[in-house]
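Structure file protein-v3.csv (CSV, C-alpha atoms and all ligand atoms) follows.
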chain,number,residue,atom,x,y,z
A,63,MET,CA,176.5,81.5,54.7
A,64,SER,CA,178.8,79.9,57.4
A,65,LEU,CA,179.4,76.2,57.2
A,66,GLN,CA,177.9,75.8,60.7
A,67,LYS,CA,174.8,77.6,59.6
A,68,TYR,CA,174.5,75.4,56.5
A,69,LEU,CA,174.8,72.3,58.7
A,70,ASN,CA,172.3,73.6,61.1
A,71,ASN,CA,169.8,74.2,58.3
A,72,LEU,CA,169.9,70.6,57.3
A,73,GLU,CA,167.2,68.5,58.8
A,74,SER,CA,167.8,66.4,61.9
A,75,LEU,CA,168.9,62.8,61.3
A,76,SER,CA,167.7,61.7,64.8
A,77,GLY,CA,166.5,58.1,64.8
A,78,LYS,CA,168.1,57.3,61.4
A,79,LYS,CA,170.9,54.8,61.2
A,80,VAL,CA,173.7,55.6,58.7
A,81,LEU,CA,176.4,53.1,57.7
A,82,ILE,CA,179.6,54.5,56.3
A,83,THR,CA,182.8,52.8,55.0
A,84,GLY,CA,186.2,54.4,55.7
A,85,GLY,CA,185.0,56.6,58.5
A,86,THR,CA,188.2,56.6,60.5
A,87,SER,CA,190.1,59.4,58.7
A,88,GLY,CA,189.8,62.3,56.2
A,89,ILE,CA,186.4,63.0,54.6
A,90,GLY,CA,184.8,59.9,56.1
A,91,LEU,CA,185.8,60.9,59.6
A,92,SER,CA,184.4,64.4,59.1
A,93,ILE,CA,181.1,62.9,57.7
A,94,VAL,CA,180.9,60.7,60.9
A,95,ASP,CA,181.3,63.8,63.0
A,96,GLN,CA,178.6,65.7,61.1
A,97,LEU,CA,176.2,62.7,61.2
A,98,LEU,CA,176.6,62.5,65.0
A,99,TYR,CA,176.1,66.2,65.2
A,100,LYS,CA,172.8,65.8,63.3
A,101,GLY,CA,171.8,63.0,65.7
A,102,ALA,CA,172.2,60.0,63.4
A,103,ASP,CA,173.0,56.5,64.8
A,104,VAL,CA,176.3,55.7,63.0
A,105,VAL,CA,177.9,52.4,62.1
A,106,VAL,CA,181.4,52.7,60.6
A,107,LEU,CA,182.9,49.9,58.5
A,108,ALA,CA,186.6,50.2,59.1
A,109,ARG,CA,189.8,48.2,58.6
A,110,ASN,CA,191.9,49.4,61.4
A,111,PRO,CA,190.7,48.4,65.0
A,112,ASP,CA,193.1,50.8,66.7
A,113,LYS,CA,191.9,53.8,64.7
A,114,SER,CA,188.3,52.7,65.3
A,115,LYS,CA,188.9,52.7,69.1
A,116,GLU,CA,190.5,56.1,68.9
A,117,VAL,CA,187.6,57.5,66.8
A,118,LYS,CA,185.1,56.1,69.2
A,119,TYR,CA,186.9,57.7,72.1
A,120,ARG,CA,187.1,61.1,70.4
A,121,MET,CA,183.5,61.1,69.3
A,122,LEU,CA,182.2,59.9,72.7
A,123,GLU,CA,184.0,62.8,74.2
A,124,LYS,CA,182.4,65.2,71.8
A,125,TYR,CA,178.9,63.6,71.7
A,126,PRO,CA,178.5,61.6,75.0
A,127,ASP,CA,175.1,60.3,74.2
A,128,CYS,CA,175.9,59.2,70.6
A,129,HIS,CA,175.2,55.8,69.1
A,130,LEU,CA,178.4,54.8,67.3
A,131,ASP,CA,179.3,51.3,66.3
A,132,PHE,CA,182.0,49.7,64.2
A,133,ILE,CA,182.2,46.7,61.9
A,134,SER,CA,185.5,45.3,60.8
A,135,TYR,CA,185.8,45.8,57.0
A,136,ASP,CA,188.6,45.6,54.5
A,137,GLN,CA,187.4,46.5,51.0
A,138,SER,CA,190.4,45.0,49.4
A,139,ASP,CA,189.7,41.5,50.9
A,140,PHE,CA,186.7,39.5,49.7
A,141,LYS,CA,186.5,37.4,52.9
A,142,SER,CA,186.4,40.5,55.1
A,143,ILE,CA,183.6,42.0,52.9
A,144,GLU,CA,181.5,38.8,53.2
A,145,THR,CA,181.9,38.8,57.0
A,146,ALA,CA,180.9,42.4,57.2
A,147,ILE,CA,177.8,41.8,55.1
A,148,ASP,CA,176.7,39.1,57.6
A,149,VAL,CA,177.0,41.6,60.4
A,150,ILE,CA,175.1,44.3,58.5
A,151,LEU,CA,172.2,41.8,57.7
A,152,LYS,CA,172.0,40.4,61.2
A,153,GLU,CA,172.4,43.6,63.2
A,154,HIS,CA,171.8,46.7,61.1
A,155,ASN,CA,169.3,45.7,58.4
A,156,ASP,CA,167.2,48.7,59.5
A,157,PHE,CA,169.8,51.2,58.2
A,158,TYR,CA,168.5,54.4,56.5
A,159,ALA,CA,171.6,55.0,54.3
A,160,LEU,CA,174.9,53.5,53.4
A,161,ILE,CA,177.7,55.9,52.4
A,162,LEU,CA,180.4,54.2,50.3
A,163,ASN,CA,183.3,56.4,51.1
A,164,ALA,CA,186.3,54.1,51.6
A,165,GLY,CA,189.0,54.5,49.0
A,166,CYS,CA,192.7,54.7,48.6
A,167,PHE,CA,195.3,56.1,46.2
A,168,THR,CA,198.4,54.0,46.3
A,169,THR,CA,201.6,53.7,44.3
A,170,TYR,CA,201.3,51.0,41.6
A,171,LYS,CA,204.9,49.7,41.9
A,172,THR,CA,204.8,48.9,45.6
A,173,GLN,CA,201.1,48.2,46.2
A,174,LYS,CA,200.1,45.2,44.1
A,175,VAL,CA,197.6,42.5,45.1
A,176,ASP,CA,196.2,39.4,43.3
A,177,ASP,CA,199.0,39.0,40.8
A,178,ASP,CA,199.2,42.3,39.0
A,179,MET,CA,196.2,44.3,40.2
A,180,SER,CA,196.9,47.5,42.0
A,181,LEU,CA,195.6,48.0,45.5
A,182,THR,CA,193.8,51.2,44.2
A,183,ILE,CA,191.8,49.2,41.6
A,184,LYS,CA,191.2,46.3,44.0
A,185,THR,CA,189.9,48.5,46.8
A,186,ASN,CA,188.1,51.4,45.1
A,187,PHE,CA,186.5,49.4,42.2
A,188,VAL,CA,186.7,45.6,42.5
A,189,GLY,CA,186.1,45.5,46.3
A,190,LEU,CA,183.2,47.9,46.1
A,191,ALA,CA,181.6,46.0,43.2
A,192,TYR,CA,182.0,42.8,45.1
A,193,PHE,CA,180.4,44.3,48.3
A,194,LEU,CA,177.3,45.5,46.4
A,195,ASP,CA,177.0,42.4,44.3
A,196,ILE,CA,176.5,40.4,47.5
A,197,LEU,CA,174.7,42.9,49.6
A,198,ILE,CA,172.1,44.5,47.3
A,199,PRO,CA,170.1,41.3,46.4
A,200,LYS,CA,169.7,40.7,50.2
A,201,LEU,CA,168.3,44.1,51.0
A,202,ASN,CA,164.5,44.1,51.4
A,203,ASN,CA,163.9,47.3,53.2
A,204,LYS,CA,164.1,50.9,51.9
A,205,HIS,CA,167.6,52.3,51.8
A,206,ARG,CA,169.7,55.1,50.3
A,207,ILE,CA,173.0,54.1,48.8
A,208,ILE,CA,175.4,56.9,48.4
A,209,PHE,CA,178.6,56.6,46.4
A,210,GLN,CA,181.6,58.8,47.1
A,211,GLY,CA,182.8,59.7,43.6
A,212,SER,CA,185.6,61.9,42.5
A,213,LEU,CA,186.3,64.5,39.8
A,214,ALA,CA,189.3,62.3,39.0
A,215,ALA,CA,186.8,60.0,37.2
A,216,GLY,CA,186.3,62.7,34.6
A,217,TYR,CA,190.0,62.4,33.7
A,218,TYR,CA,189.7,58.8,32.7
A,219,PHE,CA,188.9,58.4,29.0
A,220,LYS,CA,191.0,55.5,27.8
A,221,LYS,CA,189.2,52.3,27.2
A,222,PRO,CA,190.6,49.7,29.6
A,223,TYR,CA,191.3,46.2,28.6
A,224,ASP,CA,192.3,44.5,31.8
A,225,LEU,CA,192.0,45.2,35.5
A,226,TYR,CA,195.2,43.2,35.9
A,227,LYS,CA,198.5,44.1,34.2
A,228,TYR,CA,197.1,47.5,33.6
A,229,LYS,CA,200.4,49.4,32.9
A,230,ALA,CA,199.3,52.9,33.7
A,231,SER,CA,200.5,55.4,36.1
A,232,SER,CA,199.2,55.5,39.7
A,233,PHE,CA,197.2,58.6,38.8
A,234,GLN,CA,195.6,56.8,35.8
A,235,GLN,CA,194.9,53.8,38.1
A,236,TYR,CA,193.1,56.1,40.6
A,237,CYS,CA,191.1,57.8,37.8
A,238,MET,CA,190.1,54.5,36.4
A,239,SER,CA,189.1,53.2,39.8
A,240,LYS,CA,186.9,56.3,40.5
A,241,ALA,CA,185.4,56.0,36.9
A,242,GLY,CA,184.6,52.4,38.1
A,243,VAL,CA,182.8,53.8,41.1
A,244,GLU,CA,180.6,55.9,38.8
A,245,GLU,CA,179.9,53.0,36.6
A,246,ILE,CA,178.8,50.8,39.6
A,247,TYR,CA,176.5,53.7,40.5
A,248,ASN,CA,175.2,53.8,36.9
A,249,HIS,CA,174.7,50.1,36.8
A,250,TYR,CA,172.5,50.0,40.0
A,251,ARG,CA,170.5,53.1,39.3
A,252,SER,CA,169.6,51.7,35.8
A,253,LEU,CA,168.0,48.6,37.5
A,254,ASP,CA,165.2,50.8,39.0
A,255,LEU,CA,165.0,48.8,42.2
A,256,GLU,CA,161.9,49.8,44.1
A,257,ASN,CA,163.4,49.8,47.6
A,258,LEU,CA,166.8,51.4,46.9
A,259,SER,CA,167.7,54.9,45.8
A,260,PHE,CA,171.2,55.7,44.5
A,261,TYR,CA,173.2,58.9,44.9
A,262,LEU,CA,176.6,59.9,43.6
A,263,VAL,CA,178.3,62.6,45.5
A,264,GLU,CA,181.7,64.2,45.0
A,265,PRO,CA,183.7,66.0,47.8
A,266,GLY,CA,185.7,68.3,45.5
A,267,LEU,CA,189.3,68.6,46.5
A,268,THR,CA,190.4,68.6,50.1
A,269,SER,CA,193.7,68.0,51.9
A,270,THR,CA,193.6,64.6,53.6
A,271,ASP,CA,196.1,61.8,54.1
A,272,ILE,CA,195.1,60.0,50.9
A,273,LEU,CA,198.6,60.2,49.4
A,274,ARG,CA,200.1,58.5,52.5
A,275,ASP,CA,201.7,55.7,50.5
A,276,PHE,CA,203.7,57.9,48.1
A,277,PRO,CA,207.4,58.7,48.6
A,278,PHE,CA,208.3,62.0,50.2
A,279,PRO,CA,208.6,64.5,47.3
A,280,ILE,CA,205.4,63.4,45.5
A,281,LYS,CA,203.5,63.3,48.8
A,282,GLN,CA,204.6,66.8,49.7
A,283,LEU,CA,203.9,68.3,46.2
A,284,GLY,CA,200.5,66.5,46.1
A,285,SER,CA,199.6,67.8,49.6
A,286,LEU,CA,200.7,71.4,48.6
A,287,PHE,CA,198.5,71.3,45.5
A,288,LEU,CA,195.5,70.0,47.5
A,289,LYS,CA,196.0,72.6,50.2
A,290,ALA,CA,196.2,75.4,47.6
A,291,ALA,CA,193.3,74.3,45.4
A,292,SER,CA,191.0,72.8,48.0
A,293,HIS,CA,188.3,73.6,50.5
A,294,SER,CA,188.1,72.3,54.1
A,295,VAL,CA,187.4,68.7,54.8
A,296,ARG,CA,184.2,69.7,56.7
A,297,LYS,CA,182.9,71.4,53.5
A,298,ALA,CA,183.9,68.5,51.4
A,299,SER,CA,181.6,66.3,53.6
A,300,LEU,CA,178.5,68.3,52.9
A,301,THR,CA,177.6,66.7,49.5
A,302,ALA,CA,177.1,63.3,51.4
A,303,LEU,CA,175.1,65.1,54.1
A,304,LEU,CA,172.8,66.7,51.5
A,305,ALA,CA,172.1,63.3,49.9
A,306,LEU,CA,170.6,62.2,53.3
A,307,GLN,CA,167.9,64.9,53.2
A,308,GLU,CA,164.4,63.5,52.9
A,309,ASN,CA,163.4,65.9,50.1
A,310,ILE,CA,166.5,65.2,48.0
A,311,HIS,CA,165.7,62.6,45.4
A,312,PRO,CA,168.3,60.3,43.7
A,313,CYS,CA,170.8,62.6,42.0
A,314,TYR,CA,174.4,63.6,41.5
A,315,ILE,CA,175.8,66.2,43.9
A,316,VAL,CA,179.0,68.2,43.5
A,317,PRO,CA,180.7,71.3,45.0
A,318,HIS,CA,179.4,74.4,43.1
A,319,SER,CA,182.6,76.1,41.9
A,320,PRO,CA,183.9,75.9,38.3
A,321,PHE,CA,185.5,72.4,37.8
A,322,THR,CA,183.6,71.3,40.9
A,323,TRP,CA,186.8,71.7,43.1
A,324,ARG,CA,185.2,73.5,46.0
A,325,GLY,CA,182.2,75.1,47.5
A,326,TYR,CA,178.8,74.3,48.9
A,327,PRO,CA,176.9,71.4,47.3
A,328,LYS,CA,174.8,71.7,44.1
A,329,ILE,CA,172.8,69.1,42.2
A,330,LYS,CA,173.7,68.6,38.6
A,331,PRO,CA,172.8,66.1,35.8
A,332,PHE,CA,175.3,63.3,35.5
A,333,PRO,CA,177.4,63.9,32.4
A,334,LYS,CA,176.4,61.5,29.6
A,335,LYS,CA,180.0,61.2,28.3
A,336,ARG,CA,180.9,59.6,31.7
A,337,ASN,CA,178.6,56.6,31.1
A,338,ARG,CA,181.1,53.8,30.6
A,339,PRO,CA,179.2,50.5,30.7
A,340,TYR,CA,182.3,48.5,29.5
A,341,LEU,CA,183.8,49.3,33.0
A,342,TYR,CA,181.0,47.4,34.8
A,343,ASN,CA,181.3,44.5,32.4
A,344,LEU,CA,185.0,44.3,33.1
A,345,VAL,CA,184.6,44.2,36.9
A,346,GLU,CA,181.6,41.8,36.7
A,347,GLU,CA,183.8,39.1,35.3
A,348,THR,CA,186.4,39.5,38.1
A,349,ILE,CA,183.9,39.5,40.9
A,350,LYS,CA,182.1,36.4,39.6
A,351,LYS,CA,185.4,34.6,39.6
A,352,GLY,CA,185.8,35.7,43.2
A,353,ASN,CA,182.5,34.0,44.3
B,401,LIG,N1,190.8,64.1,49.2
B,401,LIG,C1,190.2,64.4,48.1
B,401,LIG,O1,190.5,65.5,47.6
B,401,LIG,C2,189.2,63.5,47.4
B,401,LIG,C3,188.7,64.0,46.2
B,401,LIG,C4,187.8,63.2,45.6
B,401,LIG,C5,187.4,62.0,46.1
B,401,LIG,N2,187.9,61.6,47.3
B,401,LIG,C6,187.4,60.3,47.8
B,401,LIG,O2,187.0,60.4,49.1
B,401,LIG,C7,187.1,59.2,49.8
B,401,LIG,C8,187.8,59.5,51.1
B,401,LIG,O3,189.2,59.9,50.8
B,401,LIG,P1,190.0,60.9,51.8
B,401,LIG,O4,190.6,61.9,50.9
B,401,LIG,O5,189.2,61.2,53.0
B,401,LIG,O6,191.3,59.9,52.1
B,401,LIG,P2,191.7,59.2,53.5
B,401,LIG,O7,191.9,60.2,54.5
B,401,LIG,O8,192.9,58.4,53.1
B,401,LIG,O9,190.5,58.3,53.8
B,401,LIG,C9,190.2,57.1,53.1
B,401,LIG,C10,189.4,56.2,54.0
B,401,LIG,O10,189.2,54.9,53.4
B,401,LIG,C11,189.6,53.9,54.2
B,401,LIG,N3,190.1,52.8,53.4
B,401,LIG,C12,191.2,52.8,52.6
B,401,LIG,N4,191.4,51.5,52.1
B,401,LIG,C13,190.5,50.7,52.7
B,401,LIG,C14,190.2,49.4,52.7
B,401,LIG,N5,190.9,48.5,51.9
B,401,LIG,N6,189.1,48.9,53.4
B,401,LIG,C15,188.4,49.7,54.2
B,401,LIG,N7,188.6,51.0,54.3
B,401,LIG,C16,189.7,51.5,53.6
B,401,LIG,C17,190.7,54.5,55.1
B,401,LIG,O11,190.9,53.7,56.2
B,401,LIG,P3,192.0,54.1,57.3
B,401,LIG,O12,191.5,55.2,58.1
B,401,LIG,O13,192.2,52.8,58.1
B,401,LIG,O14,193.3,54.5,56.6
B,401,LIG,C18,190.1,55.9,55.3
B,401,LIG,O15,189.2,55.8,56.4
B,401,LIG,C19,187.9,58.3,48.9
B,401,LIG,O16,186.9,57.4,48.3
B,401,LIG,C20,188.5,59.2,47.8
B,401,LIG,O17,188.7,58.5,46.6
B,401,LIG,C21,188.8,62.3,47.9

Transcribe the structure of this file into structure tokens.
Ligand SMILES: NC(=O)c1ccc[n+]([C@@H]2O[C@H](COP(=O)([O-])OP(=O)(O)OC[C@H]3O[C@@H](n4cnc5c(N)ncnc54)[C@H](OP(=O)(O)O)[C@@H]3O)[C@@H](O)[C@H]2O)c1
Amino acid sequence: MSLQKYLNNLESLSGKKVLITGGTSGIGLSIVDQLLYKGADVVVLARNPDKSKEVKYRMLEKYPDCHLDFISYDQSDFKSIETAIDVILKEHNDFYALILNAGCFTTYKTQKVDDDMSLTIKTNFVGLAYFLDILIPKLNNKHRIIFQGSLAAGYYFKKPYDLYKYKASSFQQYCMSKAGVEEIYNHYRSLDLENLSFYLVEPGLTSTDILRDFPFPIKQLGSLFLKAASHSVRKASLTALLALQENIHPCYIVPHSPFTWRGYPKIKPFPKKRNRPYLYNLVEETIKKGN
């Protein structure tokens, strides 16, 4: 089946408001495009105002009647997260779904924040946990919450002891941060909240600008690997799109190929060995200190 046909077969999202973090490049931008194509009202939470303007311009050219809004949001900054939540609650409390897509993969040596924490851990894991810790208790309507996971989470098996001073490679930092995303998902779905349903989706592998902070040779090699092993960014967006379908109940969605690198989405049980509650306990201490 062609990708366009797959997309056309998905139900319309007309009249549904979808919020998405990190929708100004890569997979997030492609999801925004597909959401607008399916008629959703879209609100992008994004950190870069210039990029937001450019995306708005491009999308309005393509979909002149679309509803596309932006909220300023930096997931590595607690104050910015709090301000964005105020806007969501005041102006967009009627949202149908929130797609938690923002993420980064930075070099540990050059990208440190808060003493010794890497920007990767702060953004992907701690910032996300902080965002939901404040937002979720304030939501009273029915919503879907969709986490953008990663197969990299499956490569993290070491027991962590500290979010700070964690002397691992940038790759291990990234894997830990995405294992953290999974554990935030596990934490909230275990609460059985009546009004909220939780989904974990993975895009597989796709060539984006995620390695932008790495020095030249690593960036080039990483991009070559991603290009060789991956599928298109449009296909990588489909797992999130599937999670928005009315008849899809809370679940874990991955690309269908072996190792879940590529392909059309399939639903699968979440692997038990990837339940790591110690990761949520770890982040909980840090976000409570931030309050
Ligand atoms: N590419 C892959 O093969 C792959 C595989 C598995 C999972 N993923 C996950 O998919 C998601 C999207 O990644 P991508 O490959 O599309 O990379 P990308 O092109 O670098 O996109 C990442 C998005 O997150 C945003 N972002 C980064 N740091 C942020 C912060 N502090 N606050 C708010 N937004 C921030 C970026 O904003 P700007 O536009 O301003 O830079 C961008 O829109 C990530 O969660 C990543 O972990 C990717």

Exercise: Tyr250 (chain A) partners within 12 Å, all atoms listed in the file, chain neighbours under 6 positions left out, as a list in words: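 The contact residues come out as Ala191, Leu194, Asp195, Ile198, Pro199, Arg206, Ile207, Ile208, Phe209, Val243, Glu244, Glu256, Asn257, Leu258, Ser259, Phe260, Tyr261, Leu262, Pro312, Pro339 and Tyr342 of chain A.
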
Would you write out those residues with C-alpha atoms, as a PDB file, keeping the file's coordinate frame?
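What landed in selection_26.pdb:
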ATOM      1  CA  ALA A 191     181.600  46.000  43.200  1.00  0.00           C
ATOM      2  CA  LEU A 194     177.300  45.500  46.400  1.00  0.00           C
ATOM      3  CA  ASP A 195     177.000  42.400  44.300  1.00  0.00           C
ATOM      4  CA  ILE A 198     172.100  44.500  47.300  1.00  0.00           C
ATOM      5  CA  PRO A 199     170.100  41.300  46.400  1.00  0.00           C
ATOM      6  CA  ARG A 206     169.700  55.100  50.300  1.00  0.00           C
ATOM      7  CA  ILE A 207     173.000  54.100  48.800  1.00  0.00           C
ATOM      8  CA  ILE A 208     175.400  56.900  48.400  1.00  0.00           C
ATOM      9  CA  PHE A 209     178.600  56.600  46.400  1.00  0.00           C
ATOM     10  CA  VAL A 243     182.800  53.800  41.100  1.00  0.00           C
ATOM     11  CA  GLU A 244     180.600  55.900  38.800  1.00  0.00           C
ATOM     12  CA  GLU A 256     161.900  49.800  44.100  1.00  0.00           C
ATOM     13  CA  ASN A 257     163.400  49.800  47.600  1.00  0.00           C
ATOM     14  CA  LEU A 258     166.800  51.400  46.900  1.00  0.00           C
ATOM     15  CA  SER A 259     167.700  54.900  45.800  1.00  0.00           C
ATOM     16  CA  PHE A 260     171.200  55.700  44.500  1.00  0.00           C
ATOM     17  CA  TYR A 261     173.200  58.900  44.900  1.00  0.00           C
ATOM     18  CA  LEU A 262     176.600  59.900  43.600  1.00  0.00           C
ATOM     19  CA  PRO A 312     168.300  60.300  43.700  1.00  0.00           C
ATOM     20  CA  PRO A 339     179.200  50.500  30.700  1.00  0.00           C
ATOM     21  CA  TYR A 342     181.000  47.400  34.800  1.00  0.00           C
TER      22      TYR A 342
END

For Val105 (chain A), please output as a list in words all residues within 6 Å (counting all atoms listed in the file; exclusion window: fewer than 5 positions along the same chain).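 Everything that qualifies: Leu81, Leu130, Asp131 and Phe132 of chain A.
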
For the atom pair CA of Thr301 (chain A) and CA of Asp136 (chain A), what is the interatomic distance in Å to one decimal place? 24.3 Å

For ligand LIG 401 (chain B), return the neighbouring residues as a count of residues only (distance at most 8 Å; all atoms listed in the file). 50

CA of Ser92 (chain A) and CA of Met63 (chain A) are how many Å apart?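 So the two atoms, CA of Ser92 (chain A) and CA of Met63 (chain A), lie 19.3 Å apart.
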
Could you check the closest approach to Arg336 (chain A) for each of A:Ala146, A:Asn248, A:Tyr119, A:Leu75 and tell me which residue wins, using all atoms listed in the file?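 Checking each candidate against Arg336 (chain A), we get A:Asn248 as the closest.
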
Nearest-residue call for Gln96 (chain A), choices A:Leu190, A:Asp112, A:Tyr68, A:Met179, using only C-alpha atoms: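 Answer, going by the shortest atom-to-atom distance: A:Tyr68.
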
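Among the candidates A:Ser134, A:Asn337, A:Ser319, A:Ser74, the residue lying nearest to Gly242 (chain A) is A:Asn337 (atoms considered: all atoms listed in the file).
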
What's the 12 Å shell around Leu72 (chain A), counting all atoms listed in the file, without same-chain residues fewer than 6 positions away, as a PDB file with C-alpha atoms, in the frame of the given file?
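Wrote selection12.pdb, looks like this:
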ATOM      1  CA  LEU A  65     179.400  76.200  57.200  1.00  0.00           C
ATOM      2  CA  GLN A  66     177.900  75.800  60.700  1.00  0.00           C
ATOM      3  CA  GLN A  96     178.600  65.700  61.100  1.00  0.00           C
ATOM      4  CA  LEU A  97     176.200  62.700  61.200  1.00  0.00           C
ATOM      5  CA  TYR A  99     176.100  66.200  65.200  1.00  0.00           C
ATOM      6  CA  LYS A 100     172.800  65.800  63.300  1.00  0.00           C
ATOM      7  CA  GLY A 101     171.800  63.000  65.700  1.00  0.00           C
ATOM      8  CA  LEU A 300     178.500  68.300  52.900  1.00  0.00           C
ATOM      9  CA  THR A 301     177.600  66.700  49.500  1.00  0.00           C
ATOM     10  CA  ALA A 302     177.100  63.300  51.400  1.00  0.00           C
ATOM     11  CA  LEU A 303     175.100  65.100  54.100  1.00  0.00           C
ATOM     12  CA  LEU A 304     172.800  66.700  51.500  1.00  0.00           C
ATOM     13  CA  ALA A 305     172.100  63.300  49.900  1.00  0.00           C
ATOM     14  CA  LEU A 306     170.600  62.200  53.300  1.00  0.00           C
ATOM     15  CA  GLN A 307     167.900  64.900  53.200  1.00  0.00           C
ATOM     16  CA  GLU A 308     164.400  63.500  52.900  1.00  0.00           C
ATOM     17  CA  ASN A 309     163.400  65.900  50.100  1.00  0.00           C
ATOM     18  CA  ILE A 310     166.500  65.200  48.000  1.00  0.00           C
TER      19      ILE A 310
END

Which residue, A:Leu98, A:Ile161, A:Lys79, A:Ala291, has the smallest gap to Pro320 (chain A) when you use all atoms listed in the file? A:Ala291

Restricting the calculation to only C-alpha atoms, which member of A:Leu225, A:Leu341, A:Val94, A:Leu122 is positioned closest to His249 (chain A)?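 Looking only at the distances to His249 (chain A), the closest residue turns out to be A:Leu341.
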
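Take CA of Ser232 (chain A) and CA of Arg324 (chain A): the distance between them is 23.7 Å.
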
Nearest-residue call for Ile133 (chain A), choices A:Pro333, A:Pro111, A:Pro327, A:Pro279, using all atoms listed in the file: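 Using all atoms listed in the file, the shortest distance to Ile133 (chain A) belongs to A:Pro111.
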
Taking only residues of region 102-201 of chain A that have an atom at most 8 Å from an atom of region 343-350 of chain A, what is each one's shortest atom pair and its distance in Å to one decimal, using only C-alpha atoms, in chain and number order, as JSON lines?
{"residue": "A:Phe187", "atom": "CA", "partner": "A:Val345", "partner_atom": "CA", "distance": 7.7}
{"residue": "A:Val188", "atom": "CA", "partner": "A:Val345", "partner_atom": "CA", "distance": 6.1}
{"residue": "A:Ala191", "atom": "CA", "partner": "A:Val345", "partner_atom": "CA", "distance": 7.2}
{"residue": "A:Tyr192", "atom": "CA", "partner": "A:Ile349", "partner_atom": "CA", "distance": 5.7}

Excluding Ser180 (chain A) and any residue of its chain fewer than 4 positions from it, enumerate the residues within 8 Å of it, using all atoms listed in the file, and give them as a list in words.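 Everything that qualifies: Thr168, Tyr170, Gln173, Lys174, Val175, Lys184, Tyr226 and Gln235 of chain A.
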
Write out, as a PDB file, in the coordinates of the input, the residues just selected, with C-alpha atoms.
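Result went into out.pdb, see below:
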ATOM      1  CA  THR A 168     198.400  54.000  46.300  1.00  0.00           C
ATOM      2  CA  TYR A 170     201.300  51.000  41.600  1.00  0.00           C
ATOM      3  CA  GLN A 173     201.100  48.200  46.200  1.00  0.00           C
ATOM      4  CA  LYS A 174     200.100  45.200  44.100  1.00  0.00           C
ATOM      5  CA  VAL A 175     197.600  42.500  45.100  1.00  0.00           C
ATOM      6  CA  LYS A 184     191.200  46.300  44.000  1.00  0.00           C
ATOM      7  CA  TYR A 226     195.200  43.200  35.900  1.00  0.00           C
ATOM      8  CA  GLN A 235     194.900  53.800  38.100  1.00  0.00           C
TER       9      GLN A 235
END

Which residues, written as a compact mmCIF listing (two decimals) with C-alpha atoms, in the coordinates of the input, have at least one atom at most 6 Å from Tyr158 (chain A), with all atoms listed in the file counted and residues fewer than 6 positions away on the same chain left out?
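The new file result08.txt reads:
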# COMPACT_ATOMS: atom_id res chain seq x y z
CA LYS A 78 168.10 57.30 61.40
CA LYS A 79 170.90 54.80 61.20
CA VAL A 80 173.70 55.60 58.70
CA HIS A 205 167.60 52.30 51.80
